[in-house]
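Undergrad: Sharing a structure below in structure tokens format, with a few things to ask.
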Amino acid sequence: MKKTCIFQDTEKTQNTTDLLEVSERMYGRGQFESHAVLLADSFDPLMGSFHHIIRVAKGLVDCYDPRGICDILENLHKKNRFDSILIPGTSLGEMIAPRLAKRLRTGLVAGVTDIKKEGGHIEIIRPAFSGKILEGVLHTGNGPVMMSIRPNAFEYTPGDPLQTVVSAYTEPVSSPSAVTRLHVKENQQTCDIRDSEVLIAGGGGVKESFPELYRLADALKGRVAASRKLVDQGIAPRSIQVGQSGKTVSPRLYMALGIHGSMQHMAGLRHIESLISVNTAANAPICSLSDIVVHGDAGKFIDRLMKKIAVYRS
Amino acid sequence: MKIICVVKIVPDVDSIVCDVENNILTGNAARMMLNPDDACALAFALGVKASDPDCFVEVVSMGPMSARPRMEDLLRLAVDRGTLISDPVFEGSDTLVTSAVLGRYIATRPFDCLLTGSHSLDGGTAHVPVQLAETLGLDQMLGIIRIDPHRFDSTRAVFEVEDDKTVTTYEMAMPGVLSVTRQSGYKLPYVTLSDMRRDVSDELAIITNQDLCFSETDVGPAGSRTKVVNRYPQTYEKKDRHIVGNDEAGISCVFNFLKQKGFL
Ligand SMILES: Cc1cc2nc3c(=O)[nH]c(=O)nc-3n(C[C@H](O)[C@H](O)[C@H](O)COP(=O)(O)OP(=O)(O)OC[C@H]3O[C@@H](n4cnc5c(N)ncnc54)[C@H](O)[C@@H]3O)c2cc1C
Ligand SMILES: Nc1ncnc2c1ncn2[C@@H]1O[C@H](COP(=O)(O)O)[C@@H](O)[C@H]1O
């Protein structure tokens with residue numbers, strides 16, 4: 001029986017279960033024992049999905065201390081000898097996974113988006129060369145297989161509920177960080193584009209008319225997203241960037257206004273039900289992936305569609 | 001104060017052409033540049049030096065000898081020492097090995113703070129700064145958008161990290177590793193004309209494995225714990241697209257589609 005250890009997605013605890021899909025693709029359903037390691041108090045969403053939930057006792061470690069958390073995971077590995085350790089690719093996870101890999105002298109595959117089984121081998125897939133291609137990576141050596149998983153790349157379909165055993169981790173942390181959190185300020189942009197079913201996304205083609213996108217998004221109860229072009233130009237905030245170096249999104253509707261559809265942008269689109277693109281170039285790469293291509297100026301398009309919606313609603 | 005900037009000279013990714021059929025990447029050696037995040041980190045360090053002449057800034061990089069010209073460019077700024085760690089046996093090293101090599105050299109140098117970039121354009125995994133910190137037994141933080149110049153000295157640093165929802169201010173005891181991102185907006189100064197003409201060819205220190213004494217089985221591809229076995233093109237499901245004009249008929253088509261799918 002394989003043993004897999006999954007560290008909590010500290011940004012969205014309920015997403016922690018999606019990492020079970022990675023283990024399942026590696027070992028097969030029912031062929032492994034799962035351990036979730038949680039810092040937060042709330043573990044309800046994970047009950048029934050994992051065999052074991054290990055809760056780190058309150059006050060042992062700061063939730064922003066990658067070094068202290070590494071201590072805990074290292075210790076748990078020594079006791080349990082996991083076959084694989086999966087860390088969500090959150091900002092905290094990015095600081096934990098490489099440290100832990102170094103301590104365990106094991107290789108780490110970062111930003112994993114897929115798993116393939118070839119013969120007896122497990123091939124771990126990740127985008128490389130800034131998303132131009134996908135690389136299939138084999139884990140070598142004796143250490144546990146370690147991966148950091150790209151947020152939103154996997155989706156787990158729960159099976160029959162398991163009897164979850166909950167335990168507490170109480171051993172003091174031997175090397176906590178000498179880091180203190182002084183101050184936390186909320187960003188203005190607090191909604192997460194990953195939660196939205198409708199995304200109205202703008203790119204280089206809507207530089208001038210970008211504010212208009214918010215009108216359309218409101219009318220369709222959606223949110224605004226952007227390509228990196230607009231983020232680099234300071235027109236859109238980074239938190240709404242879709243793509244290789246931004247977010248992976250799976251809305252039901254993605255409307256791409258003035259977006260070319262570079263590899264790096266498309267890397268952020270996963271399981272999109274409907275895609276509508278508006279572009280002055282009907283042969284832009286994004287067009288061949290669209291359900292409808294509107295050939296023309298995106299600003300004018302928004303205007304006309306808004307009028308039509310207004311008439312309909314009145 | 002002594003600052004070491006750990007920088008990577010990267011191929012300009014836009015000049016890389018990927019030939020998936022033959023499983024090769026071409027244009028690798030085409031254009032090399034200082035990794036953008038690292039440029040911000042160095043720019044901050046040079047800012048500190050500008051207001052404190054006693055500050056000593058060393059730039060360290062591990063890479064092929066083809067990185068040499070770009071490293072020499074940095075010596076034309078107010079950098080006090082430049083070091084390129086380069087040896088054919090290090091070629092093809094993964095991040096574990098890279099951080100071990102950098103760590104072994106840096107451990108021999110005096111420093112109060114290590115500044116790095118957060119992500120490199122070509123690697124992009126942010127493993128090196130984290131594993132370098134682990135090698136040296138230091139704290140480390142990624143994603144820094146601002147370092148407070150008034151609370152940055154040999155004992156502590158105060159800095160801001162941005163994520164989706166928050167901007168968080170931290171204080172870290174020094175020595176430690178601070179990894180800066182492009183969003184910081186720190187900009188390198190321009191090279192003066194006289195510096196541009198200066199011959200710096202014998203100022204760059206070159207460190208090889210003769211100095212660092214790694215066993216050849218521990219570095220390069222031999223020391224790696226992962227192996228790339230396949231390369232695939234990114235593929236997407238193509239749809240039967242329906243091209244419409246940006247006119248009444250086209251807008252109606254979109255409108256009806258939205259209505260039919262329940263978005264209106
Ligand atoms: C390491 C790396 C990571 C990257 N990560 C990302 C990422 O995460 N996300 C991302 O998006 N990009 C990313 N990029 C950048 C990416 O390669 C492209 O440069 C970027 O996506 C281009 O954005 P765009 O399509 O909006 O702009 P452009 O390339 O400028 O395309 C504009 C499009 O709009 C059309 N257009 C022009 N005018 C109009 C008009 N009036 N009305 C309608 N259409 C019009 C044009 O025909 C064109 O198709 C990354 C690049 C690198 C190197
Ligand atoms: N070969 C290298 N030499 C020096 N610094 C490096 C090297 N590789 C990575 N780094 C540092 O680590 C940061 C993140 O790189 P990476 O881990 O490749 O994403 C870079 O911005 C550099 O500061």
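A note on labels: chains of the structure tokens are A, B, ... as shown, every chain counts residues from 1, and ligands are counted from 1 in their shown order.
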Using only C-alpha atoms and all ligand atoms, what are the residues with an atom within 6 Å of ligand 2, set out as an mmCIF file with all heavy atoms, in the first residue's frame?

TA:
data_model
loop_
_atom_site.group_PDB
_atom_site.id
_atom_site.type_symbol
_atom_site.label_atom_id
_atom_site.label_comp_id
_atom_site.auth_asym_id
_atom_site.auth_seq_id
_atom_site.Cartn_x
_atom_site.Cartn_y
_atom_site.Cartn_z
ATOM 1 N N VAL B 6 22.666 37.253 -5.620
ATOM 2 C CA VAL B 6 22.817 35.985 -6.319
ATOM 3 C C VAL B 6 21.976 36.075 -7.586
ATOM 4 O O VAL B 6 20.749 36.139 -7.507
ATOM 5 C CB VAL B 6 22.346 34.828 -5.422
ATOM 6 C CG1 VAL B 6 22.695 33.491 -6.053
ATOM 7 C CG2 VAL B 6 22.975 34.935 -4.048
ATOM 8 N N VAL B 7 22.631 36.139 -8.720
ATOM 9 C CA VAL B 7 21.885 36.433 -9.951
ATOM 10 C C VAL B 7 22.100 35.357 -11.011
ATOM 11 O O VAL B 7 23.110 34.654 -11.019
ATOM 12 C CB VAL B 7 22.293 37.799 -10.549
ATOM 13 C CG1 VAL B 7 22.120 38.906 -9.523
ATOM 14 C CG2 VAL B 7 23.709 37.768 -11.097
ATOM 15 N N LYS B 8 21.142 35.271 -11.887
ATOM 16 C CA LYS B 8 21.223 34.289 -12.956
ATOM 17 C C LYS B 8 21.210 35.013 -14.308
ATOM 18 O O LYS B 8 20.412 35.940 -14.495
ATOM 19 C CB LYS B 8 20.026 33.357 -12.857
ATOM 20 C CG LYS B 8 20.075 32.176 -13.799
ATOM 21 C CD LYS B 8 18.907 31.252 -13.484
ATOM 22 C CE LYS B 8 18.945 30.002 -14.335
ATOM 23 N NZ LYS B 8 17.789 29.140 -14.068
ATOM 24 N N ASP B 37 13.941 39.714 -12.355
ATOM 25 C CA ASP B 37 13.782 39.825 -10.896
ATOM 26 C C ASP B 37 15.124 40.157 -10.235
ATOM 27 O O ASP B 37 15.196 40.939 -9.289
ATOM 28 C CB ASP B 37 13.282 38.495 -10.296
ATOM 29 C CG ASP B 37 11.791 38.260 -10.548
ATOM 30 O OD1 ASP B 37 11.191 39.021 -11.324
ATOM 31 O OD2 ASP B 37 11.250 37.313 -9.958
ATOM 32 N N ASP B 38 16.179 39.529 -10.748
ATOM 33 C CA ASP B 38 17.505 39.709 -10.155
ATOM 34 C C ASP B 38 18.000 41.133 -10.374
ATOM 35 O O ASP B 38 18.711 41.710 -9.540
ATOM 36 C CB ASP B 38 18.524 38.731 -10.758
ATOM 37 C CG ASP B 38 18.015 37.298 -10.740
ATOM 38 O OD1 ASP B 38 16.819 37.095 -10.446
ATOM 39 O OD2 ASP B 38 18.796 36.388 -11.043
ATOM 40 N N SER B 61 27.140 34.517 -9.611
ATOM 41 C CA SER B 61 26.285 33.750 -10.505
ATOM 42 C C SER B 61 26.942 32.421 -10.829
ATOM 43 O O SER B 61 28.158 32.318 -10.863
ATOM 44 C CB SER B 61 26.057 34.529 -11.799
ATOM 45 O OG SER B 61 25.146 33.832 -12.612
ATOM 46 N N MET B 62 26.130 31.418 -11.049
ATOM 47 C CA MET B 62 26.654 30.154 -11.552
ATOM 48 C C MET B 62 26.091 29.982 -12.960
ATOM 49 O O MET B 62 24.890 30.129 -13.168
ATOM 50 C CB MET B 62 26.188 29.013 -10.660
ATOM 51 C CG MET B 62 26.397 27.649 -11.262
ATOM 52 S SD MET B 62 26.045 26.382 -10.046
ATOM 53 C CE MET B 62 25.619 25.019 -11.111
ATOM 54 N N GLY B 63 26.967 29.684 -13.888
ATOM 55 C CA GLY B 63 26.481 29.538 -15.252
ATOM 56 C C GLY B 63 27.635 29.258 -16.207
ATOM 57 O O GLY B 63 28.794 29.209 -15.797
ATOM 58 N N THR B 116 18.208 37.861 -3.812
ATOM 59 C CA THR B 116 18.049 37.087 -5.042
ATOM 60 C C THR B 116 16.778 37.557 -5.738
ATOM 61 O O THR B 116 16.008 38.333 -5.177
ATOM 62 C CB THR B 116 17.895 35.565 -4.771
ATOM 63 O OG1 THR B 116 16.545 35.316 -4.349
ATOM 64 C CG2 THR B 116 18.847 35.063 -3.720
ATOM 65 N N GLY B 117 16.553 37.033 -6.939
ATOM 66 C CA GLY B 117 15.259 37.213 -7.578
ATOM 67 C C GLY B 117 14.307 36.160 -7.011
ATOM 68 O O GLY B 117 14.724 35.257 -6.281
ATOM 69 N N SER B 118 13.025 36.283 -7.346
ATOM 70 C CA SER B 118 12.069 35.270 -6.899
ATOM 71 C C SER B 118 12.007 34.130 -7.903
ATOM 72 O O SER B 118 12.111 32.966 -7.553
ATOM 73 C CB SER B 118 10.675 35.878 -6.759
ATOM 74 O OG SER B 118 10.471 36.357 -5.464
ATOM 75 N N HIS B 119 11.810 34.489 -9.168
ATOM 76 C CA HIS B 119 11.665 33.483 -10.221
ATOM 77 C C HIS B 119 12.619 33.818 -11.347
ATOM 78 O O HIS B 119 12.824 34.981 -11.654
ATOM 79 C CB HIS B 119 10.249 33.495 -10.790
ATOM 80 C CG HIS B 119 9.224 33.022 -9.819
ATOM 81 N ND1 HIS B 119 8.832 31.711 -9.739
ATOM 82 C CD2 HIS B 119 8.523 33.678 -8.879
ATOM 83 C CE1 HIS B 119 7.929 31.589 -8.786
ATOM 84 N NE2 HIS B 119 7.715 32.768 -8.252
ATOM 85 N N SER B 120 13.156 32.784 -11.976
ATOM 86 C CA SER B 120 13.961 33.069 -13.165
ATOM 87 C C SER B 120 13.084 32.843 -14.381
ATOM 88 O O SER B 120 12.125 32.073 -14.346
ATOM 89 C CB SER B 120 15.195 32.181 -13.203
ATOM 90 O OG SER B 120 14.827 30.843 -13.402
ATOM 91 N N GLY B 123 14.030 28.974 -15.623
ATOM 92 C CA GLY B 123 13.715 27.921 -14.653
ATOM 93 C C GLY B 123 12.331 28.197 -14.098
ATOM 94 O O GLY B 123 11.393 27.442 -14.262
ATOM 95 N N GLY B 124 12.229 29.334 -13.459
ATOM 96 C CA GLY B 124 10.940 29.829 -13.019
ATOM 97 C C GLY B 124 10.353 29.110 -11.826
ATOM 98 O O GLY B 124 9.222 29.355 -11.442
ATOM 99 N N THR B 125 11.114 28.224 -11.200
ATOM 100 C CA THR B 125 10.535 27.436 -10.127
ATOM 101 C C THR B 125 10.751 28.053 -8.759
ATOM 102 O O THR B 125 10.145 27.611 -7.791
ATOM 103 C CB THR B 125 11.159 26.034 -10.111
ATOM 104 O OG1 THR B 125 12.577 26.194 -9.983
ATOM 105 C CG2 THR B 125 10.842 25.298 -11.387
ATOM 106 N N ALA B 126 11.646 29.043 -8.662
ATOM 107 C CA ALA B 126 11.982 29.678 -7.386
ATOM 108 C C ALA B 126 12.597 28.697 -6.393
ATOM 109 O O ALA B 126 12.574 28.929 -5.199
ATOM 110 C CB ALA B 126 10.749 30.357 -6.767
ATOM 111 N N HIS B 127 13.141 27.589 -6.909
ATOM 112 C CA HIS B 127 13.735 26.620 -5.983
ATOM 113 C C HIS B 127 15.088 27.071 -5.459
ATOM 114 O O HIS B 127 15.448 26.781 -4.326
ATOM 115 C CB HIS B 127 13.942 25.265 -6.676
ATOM 116 C CG HIS B 127 12.665 24.546 -6.936
ATOM 117 N ND1 HIS B 127 12.623 23.302 -7.493
ATOM 118 C CD2 HIS B 127 11.390 24.893 -6.707
ATOM 119 C CE1 HIS B 127 11.369 22.914 -7.607
ATOM 120 N NE2 HIS B 127 10.610 23.876 -7.147
ATOM 121 N N VAL B 128 15.850 27.730 -6.327
ATOM 122 C CA VAL B 128 17.236 28.008 -5.958
ATOM 123 C C VAL B 128 17.350 28.877 -4.698
ATOM 124 O O VAL B 128 18.075 28.512 -3.767
ATOM 125 C CB VAL B 128 18.025 28.592 -7.156
ATOM 126 C CG1 VAL B 128 19.403 29.066 -6.726
ATOM 127 C CG2 VAL B 128 18.143 27.531 -8.252
ATOM 128 N N PRO B 129 16.620 30.007 -4.616
ATOM 129 C CA PRO B 129 16.758 30.805 -3.393
ATOM 130 C C PRO B 129 16.345 30.048 -2.131
ATOM 131 O O PRO B 129 16.986 30.176 -1.090
ATOM 132 C CB PRO B 129 15.826 32.000 -3.617
ATOM 133 C CG PRO B 129 15.340 31.923 -5.003
ATOM 134 C CD PRO B 129 15.733 30.628 -5.607
#

Undergrad: Can you list, as a PDB file with C-alpha atoms, in the first residue's frame, every protein, DNA or RNA residue that comes within 10 Å of Ala225 (chain A) when you count only C-alpha atoms, leaving out same-chain residues fewer than 3 positions away?

TA:
ATOM      1  CA  ASP A 192     -10.601  35.685  -6.740  1.00  0.00           C
ATOM      2  CA  ILE A 193     -11.169  35.282 -10.475  1.00  0.00           C
ATOM      3  CA  ARG A 194     -10.920  31.521  -9.970  1.00  0.00           C
ATOM      4  CA  VAL A 198     -18.056  34.073 -16.064  1.00  0.00           C
ATOM      5  CA  LEU A 199     -14.818  35.830 -16.941  1.00  0.00           C
ATOM      6  CA  ILE A 200     -14.579  38.811 -19.247  1.00  0.00           C
ATOM      7  CA  ALA A 201     -10.907  38.902 -20.136  1.00  0.00           C
ATOM      8  CA  GLY A 202      -9.069  41.714 -21.858  1.00  0.00           C
ATOM      9  CA  GLY A 203      -5.728  41.868 -23.638  1.00  0.00           C
ATOM     10  CA  LEU A 213     -15.037  45.364 -19.458  1.00  0.00           C
ATOM     11  CA  TYR A 214     -16.301  45.916 -15.931  1.00  0.00           C
ATOM     12  CA  ALA A 217     -18.825  41.735 -16.450  1.00  0.00           C
ATOM     13  CA  GLY A 222     -18.959  37.839 -13.918  1.00  0.00           C
ATOM     14  CA  ARG A 228      -0.150  39.686 -19.031  1.00  0.00           C
ATOM     15  CA  LEU A 230      -2.257  44.618 -19.631  1.00  0.00           C
ATOM     16  CA  ALA A 236      -4.755  45.604 -14.866  1.00  0.00           C
ATOM     17  CA  PRO A 237      -3.696  44.288 -11.430  1.00  0.00           C
ATOM     18  CA  ARG A 238      -1.574  41.154 -11.295  1.00  0.00           C
ATOM     19  CA  SER A 239      -4.169  39.310  -9.227  1.00  0.00           C
ATOM     20  CA  ILE A 240      -6.448  39.024 -12.260  1.00  0.00           C
ATOM     21  CA  GLN A 241      -3.827  37.761 -14.723  1.00  0.00           C
ATOM     22  CA  VAL A 242      -4.653  34.487 -16.436  1.00  0.00           C
ATOM     23  CA  LYS A 247      -3.873  31.986 -12.583  1.00  0.00           C
ATOM     24  CA  VAL A 249      -9.186  29.391 -14.360  1.00  0.00           C
ATOM     25  CA  TYR A 254     -14.564  32.924 -20.990  1.00  0.00           C
ATOM     26  CA  MET A 255     -14.847  35.960 -23.178  1.00  0.00           C
ATOM     27  CA  ALA A 256     -11.476  36.933 -24.644  1.00  0.00           C
TER      28      ALA A 256
END

Undergrad: Taking only region 14-255 of chain B into account, list the residues labelled helix (DSSP H, G or I) by DSSP (computed from the backbone), as an NGL selection string.

TA: :B and (14-15 or 36-51 or 65-75 or 88-90 or 95-106 or 127-136 or 182-184 or 193-197 or 209-212 or 220-223 or 248-255)

Undergrad: Set the cut-off to 8 Å and count only C-alpha atoms: what are the residues of chain B that reach chain A? Output as a PyMOL selection string.

TA: chain B and resi 13+18+20+96+121-127+130-131+134-135+139+141-142+163-173+224-234+236-246+250-251+254-255+263-264

Undergrad: Which region 68-94 of chain A residues have any atom within 10 Å of an atom of region 165-172 of chain A, and for each, what is the nearest pair of atoms with distance in Å to one decimal, counting only C-alpha atoms, rows sorted by chain and number, as a Markdown table?

TA:
| residue | atom | partner | partner_atom | distance |
| --- | --- | --- | --- | --- |
| A:Gly68 | CA | A:Pro172 | CA | 9.5 |
| A:Asp71 | CA | A:Pro172 | CA | 9.4 |
| A:Ile72 | CA | A:Glu171 | CA | 8.1 |
| A:Asn75 | CA | A:Glu171 | CA | 9.1 |
| A:Leu76 | CA | A:Tyr169 | CA | 8.9 |

Undergrad: Selection from above, N, CA, C and O atoms, as a short mmCIF file (atom, residue, chain, number, x, y, z; two decimals), in the first residue's frame, can you write it?

TA:
data_model
loop_
_atom_site.label_atom_id
_atom_site.label_comp_id
_atom_site.auth_asym_id
_atom_site.auth_seq_id
_atom_site.Cartn_x
_atom_site.Cartn_y
_atom_site.Cartn_z
N GLY A 68 9.64 26.34 9.87
CA GLY A 68 9.02 25.58 10.94
C GLY A 68 8.13 24.48 10.39
O GLY A 68 8.12 23.34 10.88
N ASP A 71 10.06 21.52 9.26
CA ASP A 71 10.44 20.68 10.39
C ASP A 71 9.37 19.62 10.65
O ASP A 71 9.66 18.44 10.83
N ILE A 72 8.13 20.10 10.67
CA ILE A 72 7.01 19.22 10.98
C ILE A 72 6.86 18.14 9.91
O ILE A 72 6.74 16.95 10.20
N ASN A 75 9.68 15.59 10.05
CA ASN A 75 9.45 14.68 11.15
C ASN A 75 8.39 13.64 10.83
O ASN A 75 8.55 12.45 11.12
N LEU A 76 7.31 14.11 10.23
CA LEU A 76 6.22 13.19 9.87
C LEU A 76 6.71 12.18 8.84
O LEU A 76 6.33 11.00 8.87
#

Undergrad: For Glu33 (chain A), list every protein, DNA or RNA residue within 7 Å, evaluated using only C-alpha atoms, and leave out those in the same chain fewer than 6 positions away; present the list as a CSV table (one decimal) with C-alpha atoms, in the first residue's frame.

TA:
chain,number,residue,atom,x,y,z
A,1,MET,CA,0.0,0.0,0.0
A,2,LYS,CA,1.5,3.4,-1.0
A,3,LYS,CA,1.5,6.3,1.4
A,4,THR,CA,0.9,9.8,0.2
A,51,HIS,CA,-7.5,8.3,5.8

Undergrad: Counting only C-alpha atoms and all ligand atoms, figure out which residue out of A:Asp83, A:Asp18, A:Asp44, A:Glu208 gets nearest to ligand 1.

TA: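 Residue with the minimum atom-to-atom distance to ligand 1: A:Glu208.
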
Undergrad: Mind the document's chain letters and residue numbers, and return as number ranges by chain the residues of region 113-262 of chain B that DSSP labels strand (DSSP E or B).

TA: B: 113-117, 140-152, 156-162, 166-173, 177-180, 205-207, 226-233, 242-245

Undergrad: Excluding same-chain residues fewer than 6 positions from Asp199 (chain B), what lies within 12 Å of it counting only C-alpha atoms, as a VMD selection string?

TA: chain B and resid 69 72 to 73 75 to 76

Undergrad: Those selected residues, please, written with C-alpha atoms and delivered as a short mmCIF file (atom, residue, chain, number, x, y, z; two decimals), in the first residue's frame.

TA:
data_model
loop_
_atom_site.label_atom_id
_atom_site.label_comp_id
_atom_site.auth_asym_id
_atom_site.auth_seq_id
_atom_site.Cartn_x
_atom_site.Cartn_y
_atom_site.Cartn_z
CA PRO B 69 29.92 39.35 -20.92
CA GLU B 72 31.16 42.04 -16.87
CA ASP B 73 28.40 44.53 -17.64
CA LEU B 75 31.02 45.29 -12.97
CA ARG B 76 30.53 48.53 -14.86
#

Undergrad: Could you list, as a JSON list (two decimals) with N, CA, C and O atoms, in the first residue's frame, every residue within 12 Å of Tyr105 (chain B), counting only C-alpha atoms and ignoring same-chain residues fewer than 5 positions away?

TA:
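Okay, part.json is ready:
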[["chain", "number", "residue", "atom", "x", "y", "z"],
["B", 4, "ILE", "N", 25.33, 40.23, -0.75],
["B", 4, "ILE", "CA", 25.64, 39.41, -1.93],
["B", 4, "ILE", "C", 24.37, 39.27, -2.75],
["B", 4, "ILE", "O", 23.33, 38.85, -2.23],
["B", 6, "VAL", "N", 22.67, 37.25, -5.62],
["B", 6, "VAL", "CA", 22.82, 35.99, -6.32],
["B", 6, "VAL", "C", 21.98, 36.07, -7.59],
["B", 6, "VAL", "O", 20.75, 36.14, -7.51],
["B", 60, "VAL", "N", 27.10, 37.29, -7.47],
["B", 60, "VAL", "CA", 27.55, 35.91, -7.70],
["B", 60, "VAL", "C", 26.58, 35.22, -8.65],
["B", 60, "VAL", "O", 25.37, 35.33, -8.50],
["B", 61, "SER", "N", 27.14, 34.52, -9.61],
["B", 61, "SER", "CA", 26.28, 33.75, -10.50],
["B", 61, "SER", "C", 26.94, 32.42, -10.83],
["B", 61, "SER", "O", 28.16, 32.32, -10.86],
["B", 62, "MET", "N", 26.13, 31.42, -11.05],
["B", 62, "MET", "CA", 26.65, 30.15, -11.55],
["B", 62, "MET", "C", 26.09, 29.98, -12.96],
["B", 62, "MET", "O", 24.89, 30.13, -13.17],
["B", 83, "THR", "N", 31.54, 37.55, -9.28],
["B", 83, "THR", "CA", 32.05, 36.18, -9.28],
["B", 83, "THR", "C", 31.19, 35.32, -10.18],
["B", 83, "THR", "O", 29.96, 35.31, -10.04],
["B", 84, "LEU", "N", 31.83, 34.62, -11.08],
["B", 84, "LEU", "CA", 31.11, 33.67, -11.92],
["B", 84, "LEU", "C", 31.61, 32.27, -11.58],
["B", 84, "LEU", "O", 32.80, 31.99, -11.69],
["B", 85, "ILE", "N", 30.69, 31.42, -11.14],
["B", 85, "ILE", "CA", 31.05, 30.04, -10.84],
["B", 85, "ILE", "C", 30.76, 29.25, -12.10],
["B", 85, "ILE", "O", 29.61, 29.14, -12.52],
["B", 86, "SER", "N", 31.79, 28.74, -12.70],
["B", 86, "SER", "CA", 31.61, 28.11, -14.01],
["B", 86, "SER", "C", 32.56, 26.94, -14.17],
["B", 86, "SER", "O", 33.76, 27.08, -13.95],
["B", 98, "THR", "N", 22.59, 23.10, -7.95],
["B", 98, "THR", "CA", 22.92, 24.51, -8.13],
["B", 98, "THR", "C", 22.99, 25.22, -6.78],
["B", 98, "THR", "O", 23.93, 25.99, -6.51],
["B", 99, "SER", "N", 22.00, 24.94, -5.92],
["B", 99, "SER", "CA", 22.02, 25.62, -4.62],
["B", 99, "SER", "C", 23.17, 25.12, -3.75],
["B", 99, "SER", "O", 23.74, 25.89, -2.97],
["B", 100, "ALA", "N", 23.55, 23.85, -3.92],
["B", 100, "ALA", "CA", 24.69, 23.33, -3.14],
["B", 100, "ALA", "C", 25.98, 24.01, -3.59],
["B", 100, "ALA", "O", 26.82, 24.38, -2.76],
["B", 110, "PRO", "N", 32.03, 36.79, 3.36],
["B", 110, "PRO", "CA", 31.30, 37.52, 4.40],
["B", 110, "PRO", "C", 30.04, 38.16, 3.82],
["B", 110, "PRO", "O", 30.08, 38.68, 2.71],
["B", 111, "PHE", "N", 28.93, 38.08, 4.53],
["B", 111, "PHE", "CA", 27.71, 38.79, 4.08],
["B", 111, "PHE", "C", 26.74, 38.97, 5.24],
["B", 111, "PHE", "O", 26.73, 38.19, 6.18],
["B", 132, "LEU", "N", 18.97, 27.40, -1.44],
["B", 132, "LEU", "CA", 20.21, 28.05, -1.03],
["B", 132, "LEU", "C", 20.11, 28.44, 0.45],
["B", 132, "LEU", "O", 21.04, 28.25, 1.23],
["B", 135, "THR", "N", 20.51, 25.38, 2.47],
["B", 135, "THR", "CA", 21.92, 24.98, 2.49],
["B", 135, "THR", "C", 22.70, 25.77, 3.53],
["B", 135, "THR", "O", 23.55, 25.24, 4.24],
["B", 136, "LEU", "N", 22.40, 27.07, 3.62],
["B", 136, "LEU", "CA", 23.17, 27.93, 4.51],
["B", 136, "LEU", "C", 22.51, 28.06, 5.89],
["B", 136, "LEU", "O", 23.00, 28.79, 6.75],
["B", 205, "ALA", "N", 35.93, 37.49, -11.01],
["B", 205, "ALA", "CA", 36.54, 36.29, -10.43],
["B", 205, "ALA", "C", 35.83, 35.06, -11.00],
["B", 205, "ALA", "O", 34.60, 35.02, -11.03],
["B", 206, "ILE", "N", 36.62, 34.10, -11.48],
["B", 206, "ILE", "CA", 36.02, 32.87, -11.99],
["B", 206, "ILE", "C", 36.33, 31.74, -10.99],
["B", 206, "ILE", "O", 37.48, 31.50, -10.64],
["B", 207, "ILE", "N", 35.29, 31.09, -10.54],
["B", 207, "ILE", "CA", 35.46, 29.99, -9.58],
["B", 207, "ILE", "C", 35.11, 28.69, -10.32],
["B", 207, "ILE", "O", 34.08, 28.61, -10.99],
["B", 208, "THR", "N", 35.96, 27.70, -10.18],
["B", 208, "THR", "CA", 35.69, 26.42, -10.84],
["B", 208, "THR", "C", 35.58, 25.32, -9.77],
["B", 208, "THR", "O", 35.73, 25.58, -8.58],
["B", 209, "ASN", "N", 35.39, 24.11, -10.22],
["B", 209, "ASN", "CA", 35.27, 23.02, -9.26],
["B", 209, "ASN", "C", 36.61, 22.72, -8.59],
["B", 209, "ASN", "O", 36.65, 22.06, -7.56],
["B", 210, "GLN", "N", 37.71, 23.23, -9.16],
["B", 210, "GLN", "CA", 38.99, 23.10, -8.46],
["B", 210, "GLN", "C", 38.94, 23.81, -7.13],
["B", 210, "GLN", "O", 39.58, 23.40, -6.17],
["B", 211, "ASP", "N", 38.20, 24.91, -7.10],
["B", 211, "ASP", "CA", 38.07, 25.68, -5.86],
["B", 211, "ASP", "C", 37.05, 25.04, -4.92],
["B", 211, "ASP", "O", 37.17, 25.13, -3.71],
["B", 212, "LEU", "N", 36.02, 24.44, -5.51],
["B", 212, "LEU", "CA", 34.89, 24.00, -4.68],
["B", 212, "LEU", "C", 34.94, 22.51, -4.32],
["B", 212, "LEU", "O", 34.33, 22.08, -3.35],
["B", 213, "CYS", "N", 35.70, 21.73, -5.13],
["B", 213, "CYS", "CA", 35.96, 20.33, -4.81],
["B", 213, "CYS", "C", 34.73, 19.45, -4.63],
["B", 213, "CYS", "O", 34.61, 18.72, -3.64],
["B", 214, "PHE", "N", 33.77, 19.54, -5.53],
["B", 214, "PHE", "CA", 32.67, 18.59, -5.51],
["B", 214, "PHE", "C", 33.12, 17.31, -6.23],
["B", 214, "PHE", "O", 33.87, 17.37, -7.19]]
